[in-house]
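Engineer: This is query-v7.pdb (PDB, C-alpha atoms).
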```
MODEL        1
ATOM      1  CA  MET A 661       0.000   0.000   0.000
ATOM      2  CA  THR A 662       1.391   3.410  -0.963
ATOM      3  CA  LEU A 663       0.498   6.765   0.567
ATOM      4  CA  ASP A 664       1.729  10.223  -0.317
ATOM      5  CA  CYS A 665       1.489  13.759   1.022
ATOM      6  CA  LEU A 666      -0.445  16.582  -0.624
ATOM      7  CA  CYS A 667       2.431  17.755  -2.831
ATOM      8  CA  GLY A 668       3.720  14.233  -3.563
ATOM      9  CA  ASP A 669       7.235  14.848  -2.227
ATOM     10  CA  ILE A 670       6.808  12.187   0.492
ATOM     11  CA  ARG A 671       5.898   8.649  -0.412
ATOM     12  CA  ILE A 672       5.257   6.004   2.229
ATOM     13  CA  THR A 673       5.008   2.344   1.358
ATOM     14  CA  VAL A 674       3.724  -0.181   3.894
ATOM     15  CA  SER A 675       3.930  -3.916   3.378
ATOM     16  CA  ASP A 676       0.365  -4.654   4.552
ATOM     17  CA  ARG A 677      -2.969  -2.971   5.007
ATOM     18  CA  PRO A 678      -3.537  -2.003   8.634
ATOM     19  CA  ASP A 679      -5.859  -4.008  10.865
ATOM     20  CA  PHE A 680      -7.245  -0.754  12.279
ATOM     21  CA  VAL A 681      -6.823   3.015  12.250
ATOM     22  CA  HIS A 682      -6.785   5.163  15.400
ATOM     23  CA  ALA A 683      -8.589   8.518  15.392
ATOM     24  CA  CYS A 684      -7.175   9.547  18.768
ATOM     25  CA  ASN A 685      -8.395  12.627  20.631
ATOM     26  CA  CYS A 686      -5.117  13.429  22.421
ATOM     27  CA  THR A 687      -3.550  16.832  21.893
ATOM     28  CA  LEU A 688      -0.717  15.492  19.733
ATOM     29  CA  CYS A 689      -2.956  13.545  17.346
ATOM     30  CA  ALA A 690      -5.633  16.220  17.155
ATOM     31  CA  LYS A 691      -3.243  19.088  16.499
ATOM     32  CA  THR A 692      -1.098  17.223  13.979
ATOM     33  CA  GLY A 693      -4.194  16.160  12.043
ATOM     34  CA  ALA A 694      -3.399  12.470  11.957
ATOM     35  CA  ARG A 695      -5.171   9.135  12.062
ATOM     36  CA  TRP A 696      -2.542   6.536  12.880
ATOM     37  CA  SER A 697      -1.960   2.937  11.994
ATOM     38  CA  TYR A 698       1.008   1.201  13.539
ATOM     39  CA  PHE A 699       3.649  -0.930  11.859
ATOM     40  CA  HIS A 700       7.008  -2.417  12.675
ATOM     41  CA  PRO A 701       9.681  -0.129  11.171
ATOM     42  CA  ASP A 702      10.768  -2.981   8.864
ATOM     43  CA  GLN A 703       7.319  -2.822   7.203
ATOM     44  CA  VAL A 704       7.550   0.866   6.247
ATOM     45  CA  GLN A 705       9.596   2.719   3.658
ATOM     46  CA  VAL A 706       9.570   6.528   3.637
ATOM     47  CA  THR A 707      11.067   8.451   0.724
ATOM     48  CA  GLY A 708      11.458  12.213   0.576
ATOM     49  CA  SER A 709      12.523  14.926   2.994
ATOM     50  CA  THR A 710      10.632  15.256   6.270
ATOM     51  CA  LYS A 711      11.049  17.410   9.347
ATOM     52  CA  GLY A 712      10.649  15.886  12.821
ATOM     53  CA  TYR A 713       8.916  17.433  15.824
ATOM     54  CA  ARG A 714       9.067  16.287  19.451
ATOM     55  CA  ARG A 715       6.698  17.623  22.081
ATOM     56  CA  THR A 716       8.291  20.156  24.393
ATOM     57  CA  ASP A 717       5.618  19.774  27.096
ATOM     58  CA  LYS A 718       6.800  16.237  27.981
ATOM     59  CA  ASN A 719      10.051  15.395  29.782
ATOM     60  CA  ARG A 720      10.552  12.289  27.659
ATOM     61  CA  PRO A 721       8.382  12.417  24.557
ATOM     62  CA  ALA A 722       7.832   8.974  23.075
ATOM     63  CA  ALA A 723       7.189  10.012  19.480
ATOM     64  CA  GLU A 724       8.838  12.227  16.896
ATOM     65  CA  VAL A 725       6.168  13.301  14.418
ATOM     66  CA  HIS A 726       7.334  13.936  10.851
ATOM     67  CA  SER A 727       5.858  16.204   8.219
ATOM     68  CA  CYS A 728       6.666  17.079   4.645
ATOM     69  CA  THR A 729       9.141  19.957   4.407
ATOM     70  CA  ASN A 730       7.271  21.309   1.379
ATOM     71  CA  CYS A 731       3.497  21.040   1.984
ATOM     72  CA  GLY A 732       3.572  20.468   5.765
ATOM     73  CA  ALA A 733       1.380  17.349   5.775
ATOM     74  CA  THR A 734       1.876  15.091   8.804
ATOM     75  CA  THR A 735       3.253  11.855   7.377
ATOM     76  CA  HIS A 736       4.451   9.491  10.102
ATOM     77  CA  PHE A 737       6.029   9.165  13.511
ATOM     78  CA  VAL A 738       9.007   7.248  14.848
ATOM     79  CA  LEU A 739       9.833   6.397  18.436
ATOM     80  CA  THR A 740      12.329   8.607  20.252
ATOM     81  CA  GLU A 741      15.548   7.271  21.738
ATOM     82  CA  SER A 742      13.995   7.149  25.235
ATOM     83  CA  ALA A 743      10.994   5.166  23.970
ATOM     84  CA  ILE A 744      13.274   2.768  22.070
ATOM     85  CA  ALA A 745      15.386   2.288  25.206
ATOM     86  CA  ALA A 746      12.262   1.425  27.214
ATOM     87  CA  HIS A 747      10.344  -0.660  24.637
ATOM     88  CA  GLY A 748      12.634  -1.433  21.699
ATOM     89  CA  ASN A 749      12.265  -0.107  18.170
ATOM     90  CA  THR A 750       9.044  -1.999  17.657
ATOM     91  CA  MET A 751       6.637   0.514  16.174
ATOM     92  CA  MET A 752       6.127   3.508  13.976
ATOM     93  CA  GLY A 753       2.927   5.249  12.994
ATOM     94  CA  VAL A 754       1.749   6.167   9.516
ATOM     95  CA  ASN A 755      -0.900   8.846   8.948
ATOM     96  CA  MET A 756      -3.697   6.994   7.204
ATOM     97  CA  LEU A 757      -5.350  10.257   6.152
ATOM     98  CA  LEU A 758      -2.751  10.180   3.360
ATOM     99  CA  ALA A 759      -4.152   6.889   2.016
ATOM    100  CA  GLU A 760      -6.652   6.562  -0.781
ATOM    101  CA  PRO A 761     -10.037   5.821   0.852
ATOM    102  CA  ALA A 762     -10.522   2.718  -1.312
ATOM    103  CA  ASP A 763      -7.283   1.276   0.085
ATOM    104  CA  LEU A 764      -8.791   1.362   3.588
ATOM    105  CA  ALA A 765     -12.238  -0.027   2.725
ATOM    106  CA  GLY A 766     -13.260  -2.536   5.382
ATOM    107  CA  VAL A 767     -10.614  -1.427   7.924
ATOM    108  CA  GLU A 768     -11.836  -0.689  11.449
ATOM    109  CA  LEU A 769     -11.666   2.946  12.616
ATOM    110  CA  ARG A 770     -11.227   3.175  16.405
ATOM    111  CA  TYR A 771     -11.591   6.204  18.671
ATOM    112  CA  PRO A 772      -9.164   5.913  21.599
ATOM    113  CA  ASP A 773      -9.450   8.352  24.493
ATOM    114  CA  GLY A 774      -5.837   9.482  24.418
ATOM    115  CA  ARG A 775      -6.664  12.687  26.252
ATOM    116  CA  ASN A 776      -7.447  10.689  29.394
ATOM    117  CA  TRP A 777      -4.866   7.908  28.920
ATOM    118  CA  GLN A 778      -2.347   7.777  31.756
ATOM    119  CA  GLY A 779       0.526   6.511  29.591
ATOM    120  CA  ALA A 780       0.349   2.829  30.532
ATOM    121  CA  GLY A 781      -2.105   0.019  29.957
ATOM    122  CA  GLU A 782      -4.934  -0.156  27.472
ATOM    123  CA  PHE A 783      -6.750   2.794  25.953
ATOM    124  CA  GLY A 784     -10.333   3.556  26.797
ATOM    125  CA  TYR A 785     -12.491   4.508  23.842
ATOM    126  CA  VAL A 786     -14.752   7.533  23.429
ATOM    127  CA  ARG A 787     -17.182   5.823  21.047
ATOM    128  CA  GLU A 788     -17.820   2.615  19.175
ATOM    129  CA  ALA A 789     -15.556   1.673  16.286
ATOM    130  CA  GLU A 790     -16.821   1.846  12.727
ATOM    131  CA  THR A 791     -15.769   0.313   9.446
ATOM    132  CA  LEU A 792     -14.226   2.471   6.743
TER     133      LEU A 792
ENDMDL
END
```
Since I need it in another form, could you write the structure as structure tokens?
Structural biologist:
Amino acid sequence: MTLDCLCGDIRITVSDRPDFVHACNCTLCAKTGARWSYFHPDQVQVTGSTKGYRRTDKNRPAAEVHSCTNCGATTHFVLTESAIAAHGNTMMGVNMLLAEPADLAGVELRYPDGRNWQGAGEFGYVREAETL
């Protein structure tokens, strides 16, 4: 599956369709305009020039969110060094809003309550999942 940003400078290829997409309500997800699916870094190839951003309101931010240096679209995130040290380099997120809708037909869209998540354990959800 291939996704690209608005201007086409960034191309992301993932080896499989996602099992689900998260439309999280946390500040980071809401303000970066992203709906994430998660993959092992070995399953994702990113081409093009991106700029990374790490939250400054967290002592040890877990994610570095990347965006296209040309059009500004949020493209993906990678784990920070502190997150990799704690959990391993096991995950990266890809912004599924960059996908063609037909490529996500039948995939579950979930609504995690990231705003109230304490940083450990399972997410609560703000509403029932739906199918794209």
Engineer: Take the PyMOL selection byres ((chain A and resi 759) around 12), apply it to the structure above, and return the hits as a PyMOL selection string.
Structural biologist: chain A and resi 661-666+671-674+677-678+681+694-697+735+754-758+760-765+792
Engineer: Phe680 of chain A: which residues within 6 Å, counting all atoms listed in the file, same-chain residues fewer than 3 positions away excluded, as a list in words?
Structural biologist: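 My reading of the contact set: Val767, Glu768 and Leu769 of chain A.
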Engineer: One number please: atom CA of Ala690 of chain A to atom CA of Gly748 of chain A, in Å, one decimal.
Structural biologist: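 Interatomic distance, atom CA of Ala690 of chain A to atom CA of Gly748 of chain A: 25.8 Å.
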Engineer: Which residue, A:Asn749, A:Thr791, A:Thr710, A:Asn719, has the smallest gap to Ala733 of chain A when you use only C-alpha atoms?
Structural biologist: A:Thr710
Engineer: Starting from the displayed file, determine the output of the PyMOL selection byres ((chain A and resi 780-788) around 10) and express the residue list as a list in words.
Structural biologist: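 Written out, the selection comes to Cys684, Asn685, Leu769, Arg770, Tyr771, Pro772, Asp773, Gly774, Arg775, Asn776, Trp777, Gln778, Gly779, Ala789 and Glu790 of chain A.
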Engineer: From the list A:Asp669, A:Asp676, A:Asp702, A:Asp717, which residue is nearest Val738 of chain A when using all atoms listed in the file?
Structural biologist: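 So, comparing all the options, the nearest one is A:Asp702.
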Engineer: Using the chain letters and numbers from the file, give me the residues hit by the PyMOL selection byres ((chain A and resi 712) around 10), as number ranges by chain.
Structural biologist: A: 710-711, 713-714, 723-729, 734, 736-738
Engineer: So how many Å separate atom CA of Arg715 of chain A and atom CA of Gly753 of chain A, to one decimal?
Structural biologist: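 Rounded to one decimal, the two atoms are 15.8 Å apart.
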Engineer: Out of A:Ser709, A:Gln703, A:Thr687, A:Thr716, which residue has the shortest atom-to-atom distance to Thr750 of chain A when counting all atoms listed in the file?
Structural biologist: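 Of A:Ser709, A:Gln703, A:Thr687, A:Thr716, the one nearest Thr750 of chain A is A:Gln703, counting all atoms listed in the file.
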Engineer: Quote the spacing between atom CA of Ala745 of chain A and atom CA of Arg720 of chain A in Å to one decimal place.
Structural biologist: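 Straight-line distance from atom CA of Ala745 of chain A to atom CA of Arg720 of chain A works out to 11.4 Å.
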Engineer: Just checking: using only C-alpha atoms, which residue out of A:Gln705, A:Leu688, A:Gly693, A:Gly766 ends up closest to Ser675 of chain A?
Structural biologist: A:Gln705
Engineer: Calculated over only C-alpha atoms, which of the candidates A:Thr707, A:Lys691, A:Phe699, A:Ile744 has the smallest distance to Asp679 of chain A?
Structural biologist: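 Looking at the shortest contact to Asp679 of chain A, the residue is A:Phe699.
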Engineer: Pick the closest to Gly708 of chain A from A:Thr740, A:Met751, A:Cys686, A:Asn730: which is it, counting all atoms listed in the file?
Structural biologist: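 Result for the nearest residue to Gly708 of chain A: A:Asn730.
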Engineer: Please rebuild segment 734-764 of chain A with N, CA and C atoms and give the result as a compact mmCIF listing (two decimals), keeping the file's coordinate frame.
Structural biologist:
```txt
# COMPACT_ATOMS: atom_id res chain seq x y z
N THR A 734 1.36 16.06 7.84
CA THR A 734 1.88 15.09 8.80
C THR A 734 1.92 13.73 8.11
N THR A 735 3.08 13.09 8.14
CA THR A 735 3.25 11.86 7.38
C THR A 735 3.37 10.61 8.25
N HIS A 736 4.19 10.68 9.30
CA HIS A 736 4.45 9.49 10.10
C HIS A 736 5.10 9.90 11.42
N PHE A 737 5.22 8.93 12.32
CA PHE A 737 6.03 9.16 13.51
C PHE A 737 6.95 7.99 13.74
N VAL A 738 8.06 8.27 14.40
CA VAL A 738 9.01 7.25 14.85
C VAL A 738 9.15 7.39 16.36
N LEU A 739 9.59 6.33 17.00
CA LEU A 739 9.83 6.40 18.44
C LEU A 739 11.12 7.18 18.72
N THR A 740 11.14 7.88 19.83
CA THR A 740 12.33 8.61 20.25
C THR A 740 13.31 7.63 20.89
N GLU A 741 14.52 8.11 21.12
CA GLU A 741 15.55 7.27 21.74
C GLU A 741 15.11 6.75 23.10
N SER A 742 14.43 7.60 23.91
CA SER A 742 14.00 7.15 25.24
C SER A 742 12.92 6.07 25.13
N ALA A 743 12.02 6.19 24.17
CA ALA A 743 10.99 5.17 23.97
C ALA A 743 11.61 3.87 23.46
N ILE A 744 12.59 3.97 22.58
CA ILE A 744 13.27 2.77 22.07
C ILE A 744 14.03 2.08 23.20
N ALA A 745 14.66 2.87 24.07
CA ALA A 745 15.39 2.29 25.21
C ALA A 745 14.43 1.53 26.14
N ALA A 746 13.23 2.05 26.31
CA ALA A 746 12.26 1.42 27.21
C ALA A 746 11.53 0.25 26.58
N HIS A 747 11.23 0.33 25.27
CA HIS A 747 10.34 -0.66 24.64
C HIS A 747 10.93 -1.36 23.42
N GLY A 748 12.08 -0.91 22.94
CA GLY A 748 12.63 -1.43 21.70
C GLY A 748 12.08 -0.65 20.51
N ASN A 749 12.72 -0.79 19.38
CA ASN A 749 12.26 -0.11 18.17
C ASN A 749 11.23 -0.98 17.47
N THR A 750 10.05 -1.04 18.07
CA THR A 750 9.04 -2.00 17.66
C THR A 750 7.89 -1.41 16.88
N MET A 751 7.83 -0.07 16.76
CA MET A 751 6.64 0.51 16.17
C MET A 751 6.94 1.87 15.56
N MET A 752 6.22 2.15 14.49
CA MET A 752 6.13 3.51 13.98
C MET A 752 4.70 3.71 13.50
N GLY A 753 4.28 4.94 13.43
CA GLY A 753 2.93 5.25 12.99
C GLY A 753 2.94 5.89 11.62
N VAL A 754 1.92 5.58 10.84
CA VAL A 754 1.75 6.17 9.52
C VAL A 754 0.38 6.85 9.50
N ASN A 755 0.34 8.08 9.01
CA ASN A 755 -0.90 8.85 8.95
C ASN A 755 -1.78 8.32 7.81
N MET A 756 -2.83 7.61 8.19
CA MET A 756 -3.70 6.99 7.20
C MET A 756 -4.61 7.99 6.49
N LEU A 757 -4.62 9.25 6.92
CA LEU A 757 -5.35 10.26 6.15
C LEU A 757 -4.69 10.51 4.80
N LEU A 758 -3.45 10.05 4.64
CA LEU A 758 -2.75 10.18 3.36
C LEU A 758 -3.09 9.05 2.39
N ALA A 759 -3.81 8.04 2.85
CA ALA A 759 -4.15 6.89 2.02
C ALA A 759 -5.35 7.21 1.13
N GLU A 760 -5.45 6.50 0.04
CA GLU A 760 -6.65 6.56 -0.78
C GLU A 760 -7.77 5.86 0.00
N PRO A 761 -8.96 6.45 0.09
CA PRO A 761 -10.04 5.82 0.85
C PRO A 761 -10.33 4.38 0.43
N ALA A 762 -10.25 4.09 -0.84
CA ALA A 762 -10.52 2.72 -1.31
C ALA A 762 -9.52 1.72 -0.75
N ASP A 763 -8.30 2.17 -0.47
CA ASP A 763 -7.28 1.28 0.08
C ASP A 763 -7.60 0.87 1.52
N LEU A 764 -8.45 1.65 2.19
CA LEU A 764 -8.79 1.36 3.59
C LEU A 764 -10.20 0.79 3.75
```
